[in-house]
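The structure under discussion appears below in the form of structure tokens.
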Amino acid sequence: MIWIIIYRQWLERIPHTQANTDSVIIVLHKKFLLGIIGLVTLSKAYNAGSHEDRIYKEWEASGLFTPKRSKNKKPFTIMMPPPNATGTLHLGHAVMLALQDVMTRYHRMKGDATLWLPGTDHASIATQNKVERILAEKGESRHSLGRPAFLKEVHKFVKESQKTIKNQVRKMGSSCDWTRERYTLDPELSTAVREAFVRMYEDGLIYRGNRIVNWCPRCSSTLADDEVVYKEERGNFYYLKYGPFTIGTSRPETKFLDKIIVVHPDDKRYKKYHGKTITVPWIHGDVEATILADKAADPEFGTGAMTITPAHDFIDFEIAQRHKLEVVQIIDEAGNLTEHAGEFAGMNARDARGKIITKLARKGLVEKIDEEYVHNLSICYRCDTPIEPLVSRQWFIDVDKKFGAEKKSLKKRAIEVVRTKKIQIVPERFDKTYFHWMENLHDWCISRQIWFGHEIPVWYCTSPKKAACEKPIVSRTTPKSCPHCDGKLKQDPDTLDTWFSSGTWTFTTLGWPKRSADLDYFHPTSVLETGYDILFFWVARMILMTSYLLDEIPFKTVYLHGLVRTREGKKMSKSHPETCIDPLDMITTYGADSLRLSMIVGSTPGNDLRLYEEKIAGFRNFVNKVWNASRFALMQVEEAGVSLKKRPPAKAKTLADQWILTRTQELIDEATRDIESYSFSEAGTKIYDFTWNEYCAWYLEISKGPEQNIGVLLYVLETLLKLLHPFIPYVTEVIWKELGHTNFLMAASWPKVEAKHRFKKEARQVQEVIEVISAVRSLRQENNIPPSQKITLHLSGKGKSPLLEAMREPIVRMARLSELTISTKAPELAPVLKSYSNGIEITVPLKGMVDLEAEITRIEKELSELKDYLNRLGQKLSSKEFTGRAPAHIVEAERGRQAEAQEKYSKLEEQLASLKKA
RNA sequence: GGGCGCUUAGCUCAGUUGGUUAGAGCGACUCGUUUACACCGAGUAGGCCGGGGGUUCGAAUCCCUCAGCGCCCACCA
């Protein structure tokens, strides 16, 4: 019953239904039935949710994500920055996956042996912290469980997280090779990491030393320099009397044993004290203090004199090293004061500060307290706990030690590969940041007092009997007993910095240290795509590690994307969930394709990108547009009775065909070049514009006329699907199947420009006609002529008649005309509406339906704008400097513009005069 | 303190080596059911391209300078 009503309504909408011969009815029945079939198979709006998971499964099952190594193909490799195996996918991941998938799919279609290797990172501190927090909720801690049981908990947690993350990576449509998936703690990678450590130790690049390190009392671990972040803090600054000196400090609790006063060698005030020893009253009684001259003291700061605490300050530690001074620990690993603090021993150092000051004040040693002192407090980037610098025995990588045939340090090599452009950073300006960081790099502390991670392959003899037993045993395999005395061994309890293992990610994932076929073929990798925030953490470390272990670069190009921000420009942070957009929610609502496009179009490398729901919705609309354009094309195919299996060739029959074919070639050319130069946003925008405006708004509309060309229609559509596929893989793949293909679009080859489809002159001509139709539409709207009212139109222009005649049908239809006359000269009619475009005069006879006043105002405005333009052009062209110095083609082009504007101006003037008469 | 970036339409942003009267999406306004799409179509308004100076025949684009915003690094004993 419903169908009959729909059928009736539909029948009424068809023009000429009054022709009720049987044959017409039969044709109409057929059309209606085809329509229903169309509705059943292809819904009116694209529903991403009902296709994406199925398509992904098909891709994955097809094996197309796995590249085949071949001598005839170029390898293209991207190693996915492994997401931490701790949480869920966030927008940062989504950006990276979108960009990497664009590159991967593009290169795969281009015919390269394309490998995108996925994986997860164990992220030692981050993961351990997370599990500790979960345990704390149950009243447990890692210490209450003990190391083996705790690690078991962590591994259980990681397994679950990995499952989640991996499914979310799939949701984004990532075409990565799951058969090669890796985890930084895989047994193979652990072996590789061990190998790396041993080699570097044997070559003297890794050493163990007592050095001052950043210590997080909460994590009970060291932190690398760049794992420390700073927070501005307002606190007290104390001026303390120290014999004849006044010294300033913000941390009196470290000063118990201070007995070295440092002054600048050139500071005249203190010259007389250099090298002298004096007795000064101090916290626990008198102290013998020595005055030392060192440039580290700034005469301008405070009183110009300072005491030093080598064990708890980086600068002080360096001074102590220079002058071979004693280093005594005042604060322990828990952040508490040691026995040197006397009655304060055992107290938390920071908590004791007030009490210590009280004692000093009682002794009359506090000169004054500045309460408005603002300084940067260093805190742990993982848990925000204030850092205690302290001296401890750790493992380091020596970045200055020269090695290899070239006798160059790690630092030097890492700088060179970027300076000589062996590694290209996109955008280039990050070179500078990189150099600055690298040049100031200190030895890298790689040991962490964390349980979860790669264990350090070092053992110590527990009961040393000979001198040789004191030496640590560094070994690829686990030794059974001390090689010197046969005594029992204990493994170093520490683990390696997470970045030590991820620094080897590009090659350990390919089988290193084995010389695997994969390693030979896919390394160095092509592109490393990641956020600029981990340029130092990770990118720099990879360059260091690879240059030593492989004597190679890890990748040829580094593409850095920005941070995802809210519409207001704020960081999306987990602590403010209301500012966060969950990528999975967006995928559910708008589809992965829309989310991907919203992160690629309008974003440029190295710059942050603001994301908000309306933006994603906008791209969902585009995805739907592509869907409907395809539906329309399919309807045309069916109506034309063409079989998809035996489709006609893309051969131009009309000017419009020639135009769209030419424009398609131009698009292929430009989009390809944009992708090659990492301008993904540009490429995406161009394809988007072409699809929506040129293909849908003009070519498809023209195709609704009698002169359809199914061959061209399909060729352009399929070319667009290919160009769009790296950006919006799902919808394009679904449509590809609907177009009767049995293979996958993801395996189709990237379009190439074909000379036979280029018709430059004709393309330009059609462009003129398009502009004429637009001009007519403008005239109509401005004069409130409704679309339902068809109008009479005259078009005239020298030499334009053949073109206009050739396109008469689309002009009549798309400008909604009742009659069109074409001539070389405009008819003498008044009053009329007029417009000009590309030397074509557009005349609409008035039939008393136009607001003359409004039209006069409009023309006057246009004339005045035109006059300004002509003045500027005139000035330019009359200037000898311009005509003499500018390239000839530029001058020519300007002359052409002048002539055209001049003609338009005089025609409009005539028109104005005639309107005023009427 | 050192370095980097941003400032373009009401909002979010493009603008590749200097060369049409500076573009897009969203939003606003006016029209509108025509063989796909209202997640649509047609049209309109809206910009001293942060300020000033310079180089050049020509600057949103290159140089200098100032201002506002943001980021990174170093760090004040």
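Please note that chains go A, B, ... in the order of the structure tokens, that every chain numbers its residues from 1, and that ligands are numbered from 1 in the order shown.
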Report task. Could you give me the residues within segment 298-349 of chain A that DSSP places in helix (DSSP H, G or I), as a list in words? Result ->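 Helix (DSSP H, G or I) assignments inside segment 298-349 of chain A correspond to Pro310, Ala311, His312, Phe314, Ile315, Asp316, Phe317, Glu318, Ile319, Ala320, Gln321, Arg322, Glu339, His340, Ala341, Gly342, Glu343, Phe344 and Ala349 of chain A.
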List every residue of segment 693-725 of chain A that has an atom at most 12 Å from any atom of segment 16-39 of chain B, giving for each one its closest atom pair and the distance in Å to one decimal, counting only C-alpha atoms (C1' of nucleotides), sorted by chain and then by ascending residue number, as JSON lines.
{"residue": "A:Cys696", "atom": "CA", "partner": "B:A36", "partner_atom": "C1'", "distance": 9.3}
{"residue": "A:Ala697", "atom": "CA", "partner": "B:C37", "partner_atom": "C1'", "distance": 11.1}
{"residue": "A:Leu700", "atom": "CA", "partner": "B:A36", "partner_atom": "C1'", "distance": 9.1}
{"residue": "A:Glu701", "atom": "CA", "partner": "B:U35", "partner_atom": "C1'", "distance": 9.8}
{"residue": "A:Ile702", "atom": "CA", "partner": "B:U35", "partner_atom": "C1'", "distance": 11.6}
{"residue": "A:Ser703", "atom": "CA", "partner": "B:U35", "partner_atom": "C1'", "distance": 10.0}
{"residue": "A:Lys704", "atom": "CA", "partner": "B:U35", "partner_atom": "C1'", "distance": 6.7}
{"residue": "A:Gly705", "atom": "CA", "partner": "B:U35", "partner_atom": "C1'", "distance": 9.4}
{"residue": "A:Pro706", "atom": "CA", "partner": "B:U35", "partner_atom": "C1'", "distance": 11.4}
Pick out the chain A residues within 8 Å of chain B. Count only C-alpha atoms (C1' of nucleotides). Give them as a short mmCIF file (atom, residue, chain, number, x, y, z; two decimals) with C-alpha atoms, in the first residue's frame.
data_model
loop_
_atom_site.label_atom_id
_atom_site.label_comp_id
_atom_site.auth_asym_id
_atom_site.auth_seq_id
_atom_site.Cartn_x
_atom_site.Cartn_y
_atom_site.Cartn_z
CA LYS A 44 20.22 7.60 0.56
CA ALA A 45 22.75 8.64 3.17
CA GLY A 248 71.12 33.27 49.64
CA THR A 249 69.23 30.01 49.27
CA ALA A 297 79.39 32.46 40.99
CA PHE A 301 73.15 37.68 41.91
CA MET A 306 77.35 31.21 47.66
CA THR A 307 77.96 28.03 49.52
CA ILE A 308 77.64 24.82 47.62
CA HIS A 375 61.43 30.20 40.81
CA ARG A 429 62.58 24.81 11.13
CA THR A 433 65.64 22.95 17.77
CA TRP A 437 69.30 20.14 21.93
CA ARG A 567 38.38 24.87 19.62
CA GLY A 602 43.52 22.36 7.32
CA SER A 603 46.49 21.16 9.31
CA ARG A 610 42.15 22.64 16.71
CA GLU A 614 31.34 20.68 13.72
CA LYS A 615 34.53 20.26 11.77
CA GLY A 618 31.52 18.98 7.88
CA ARG A 620 30.97 13.69 7.16
CA ASN A 621 28.89 15.76 4.78
CA PHE A 622 31.61 15.47 2.20
CA ASN A 624 28.08 11.62 2.08
CA LYS A 625 28.49 13.75 -1.03
CA ASN A 628 25.61 10.23 -3.40
CA ALA A 629 27.62 11.25 -6.43
CA SER A 630 28.45 7.59 -6.82
CA ARG A 631 24.86 6.55 -6.35
CA PHE A 632 23.87 8.98 -9.04
CA ALA A 633 26.54 7.68 -11.40
CA GLU A 682 46.72 20.82 0.08
CA LYS A 704 21.53 15.01 -16.47
CA ARG A 777 22.11 32.87 -11.89
CA SER A 778 23.49 35.95 -10.18
CA GLN A 781 18.89 36.18 -7.71
CA GLU A 782 19.72 39.83 -7.54
CA ASN A 784 14.43 38.25 -7.38
CA PRO A 786 12.49 32.84 -8.79
CA PRO A 787 13.95 29.62 -10.21
CA TYR A 869 40.65 48.22 -10.76
CA SER A 879 54.91 52.71 -15.66
CA GLU A 881 59.61 50.42 -14.70
CA PHE A 882 56.95 47.77 -14.74
CA THR A 883 56.87 47.19 -18.49
CA GLY A 884 60.64 47.32 -18.65
CA ARG A 885 61.51 45.05 -15.73
CA ALA A 886 58.68 42.61 -15.23
CA ILE A 890 53.34 39.04 -16.76
CA ARG A 897 43.07 41.94 -18.11
#
Report task. Have a look at atom CA of Ser62 of chain A and atom CA of Leu644 of chain A and let me know their distance in Å, one decimal. Result ->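 Atom CA of Ser62 of chain A sits 23.5 Å away from atom CA of Leu644 of chain A.
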Report summary line: atom CA of Lys514 of chain A sits from atom CA of Gly204 of chain A at a separation of 22.7 Å
Write out as a tab-separated table (two decimals) with C-alpha atoms, in the first residue's frame which residues come within 12 Å of Trp499 of chain A when counting only C-alpha atoms (C1' of nucleotides), dropping same-chain ones fewer than 2 positions away.
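Saved file result-v1.tsv follows:
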chain	number	residue	atom	x	y	z
A	81	PRO	CA	55.34	5.01	16.85
A	82	PRO	CA	54.20	2.37	19.30
A	121	ASP	CA	55.49	0.23	23.81
A	122	HIS	CA	55.90	-1.08	27.34
A	123	ALA	CA	56.50	2.50	28.58
A	124	SER	CA	58.19	1.39	31.77
A	125	ILE	CA	57.52	4.23	34.24
A	184	THR	CA	59.00	-3.47	22.85
A	193	VAL	CA	68.30	-4.66	23.50
A	223	LEU	CA	64.81	10.52	35.34
A	224	ALA	CA	66.47	11.74	32.18
A	226	ASP	CA	64.03	15.78	29.47
A	227	GLU	CA	61.75	13.80	31.75
A	444	TRP	CA	72.44	10.00	28.89
A	445	CYS	CA	71.50	8.22	32.10
A	446	ILE	CA	69.90	4.96	30.99
A	447	SER	CA	69.31	3.07	34.22
A	448	ARG	CA	65.98	3.32	35.97
A	453	GLY	CA	61.22	-2.96	31.70
A	454	HIS	CA	64.31	-4.41	30.08
A	495	THR	CA	65.93	-1.63	34.18
A	496	LEU	CA	66.69	0.42	31.11
A	497	ASP	CA	65.16	3.74	30.21
A	501	SER	CA	64.70	0.22	23.67
A	502	SER	CA	62.41	2.40	21.61
A	503	GLY	CA	65.53	4.04	20.21
A	504	THR	CA	66.15	0.78	18.40
A	505	TRP	CA	62.55	0.48	17.14
A	534	ILE	CA	58.82	13.76	21.21
A	535	LEU	CA	61.52	15.03	18.90
A	536	PHE	CA	64.01	14.81	21.75
A	537	PHE	CA	62.60	11.92	23.71
A	538	TRP	CA	62.47	9.59	20.81
A	539	VAL	CA	63.56	10.87	17.41
A	540	ALA	CA	66.95	12.04	18.66
A	541	ARG	CA	67.48	8.80	20.58
A	542	MET	CA	66.72	6.73	17.51
A	543	ILE	CA	69.30	8.66	15.53
A	544	LEU	CA	71.90	8.10	18.26
A	545	MET	CA	71.22	4.40	18.66
Query - Members of segment 109-321 of chain A assigned strand (DSSP E or B) by DSSP, as a PyMOL selection string - result: chain A and resi 113-117+119-121+182-183+206-216+221-223+228-242+245-249+260-263+277-282+285-293+305-307
Report task. Could you give me, as a PyMOL selection string, the residues within 9 Å of Tyr559 of chain A, counting only C-alpha atoms (C1' of nucleotides) and dropping anything in the same chain fewer than 6 positions from it? Result -> chain A and resi 424-427+527-532+605-606+678
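The two atoms in question, atom CA of Pro649 of chain A and atom CA of Lys686 of chain A, are spaced 25.7 Å apart.
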Query - Close residues, Val716 of chain A itself excluded, 8 Å, only C-alpha atoms (C1' of nucleotides), min 3 positions apart in chain, as a list in words - result: Ile660, Leu661, Thr664, Val712, Leu713, Thr719 and Leu720 of chain A
Requested in this report: List the neighbours of Glu754 of chain A out to 10 Å using only C-alpha atoms (C1' of nucleotides); skip same-chain residues closer than 4 positions along the sequence, and give me the result as a list in words.
Outcome: Leu661, Thr662, Thr664, Gln665, Glu666, Ile668, Asp669 and Arg758 of chain A
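Neighbours of Arg54 of chain A closer than or equal to 12 Å, with only C-alpha atoms (C1' of nucleotides) counted and sequence neighbours fewer than 3 positions away skipped, come out as A:Ala48, A:Gly49, A:Ser50, A:His51, A:Lys57, A:Glu58, A:Trp59, A:Glu60, A:Ala61, A:Arg170, A:Lys171, A:Gly173, A:Tyr730, A:Val731, A:Glu733, A:Val734.
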With N, CA, C and O atoms retained, write the just-selected residues as a CSV table (one decimal), in the first residue's frame.
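Final output, selection.csv:
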chain,number,residue,atom,x,y,z
A,48,ALA,N,28.4,5.1,7.8
A,48,ALA,CA,29.7,4.5,8.0
A,48,ALA,C,29.7,3.3,8.9
A,48,ALA,O,30.4,2.3,8.6
A,49,GLY,N,28.9,3.4,9.9
A,49,GLY,CA,28.9,2.3,10.9
A,49,GLY,C,28.5,0.9,10.3
A,49,GLY,O,29.0,-0.1,10.8
A,50,SER,N,27.7,1.0,9.3
A,50,SER,CA,27.3,-0.3,8.8
A,50,SER,C,28.3,-0.9,7.7
A,50,SER,O,28.1,-2.0,7.2
A,51,HIS,N,29.4,-0.2,7.5
A,51,HIS,CA,30.4,-0.8,6.5
A,51,HIS,C,31.8,-1.0,7.1
A,51,HIS,O,32.5,-1.9,6.7
A,57,LYS,N,37.8,-6.0,8.1
A,57,LYS,CA,38.1,-7.4,8.2
A,57,LYS,C,38.5,-8.0,6.9
A,57,LYS,O,39.4,-8.8,6.7
A,58,GLU,N,37.8,-7.5,5.8
A,58,GLU,CA,38.1,-8.0,4.5
A,58,GLU,C,39.5,-7.6,4.1
A,58,GLU,O,40.3,-8.4,3.5
A,59,TRP,N,39.9,-6.3,4.3
A,59,TRP,CA,41.3,-5.9,4.0
A,59,TRP,C,42.3,-6.8,4.7
A,59,TRP,O,43.2,-7.3,4.1
A,60,GLU,N,42.1,-6.9,6.0
A,60,GLU,CA,43.0,-7.7,6.8
A,60,GLU,C,43.2,-9.1,6.3
A,60,GLU,O,44.3,-9.6,6.2
A,61,ALA,N,42.0,-9.7,6.0
A,61,ALA,CA,42.0,-11.1,5.6
A,61,ALA,C,42.7,-11.2,4.2
A,61,ALA,O,43.2,-12.3,3.9
A,170,ARG,N,42.7,-0.4,14.5
A,170,ARG,CA,42.0,-0.9,13.4
A,170,ARG,C,40.8,0.0,13.0
A,170,ARG,O,40.5,0.2,11.9
A,171,LYS,N,40.1,0.5,14.1
A,171,LYS,CA,39.0,1.3,13.9
A,171,LYS,C,39.2,2.5,13.0
A,171,LYS,O,38.4,3.0,12.2
A,173,GLY,N,41.1,2.5,10.5
A,173,GLY,CA,41.3,2.1,9.1
A,173,GLY,C,42.7,1.9,8.8
A,173,GLY,O,43.1,1.9,7.6
A,730,TYR,N,37.5,3.9,3.7
A,730,TYR,CA,36.3,3.1,3.8
A,730,TYR,C,35.3,3.3,2.8
A,730,TYR,O,34.9,2.4,2.0
A,731,VAL,N,34.8,4.6,2.7
A,731,VAL,CA,33.6,4.8,1.8
A,731,VAL,C,34.1,4.6,0.4
A,731,VAL,O,33.3,4.1,-0.5
A,733,GLU,N,36.2,2.4,-0.7
A,733,GLU,CA,36.3,1.0,-0.9
A,733,GLU,C,34.9,0.4,-1.1
A,733,GLU,O,34.6,-0.4,-2.0
A,734,VAL,N,33.9,0.9,-0.3
A,734,VAL,CA,32.5,0.4,-0.4
A,734,VAL,C,32.0,0.7,-1.8
A,734,VAL,O,31.4,-0.1,-2.5
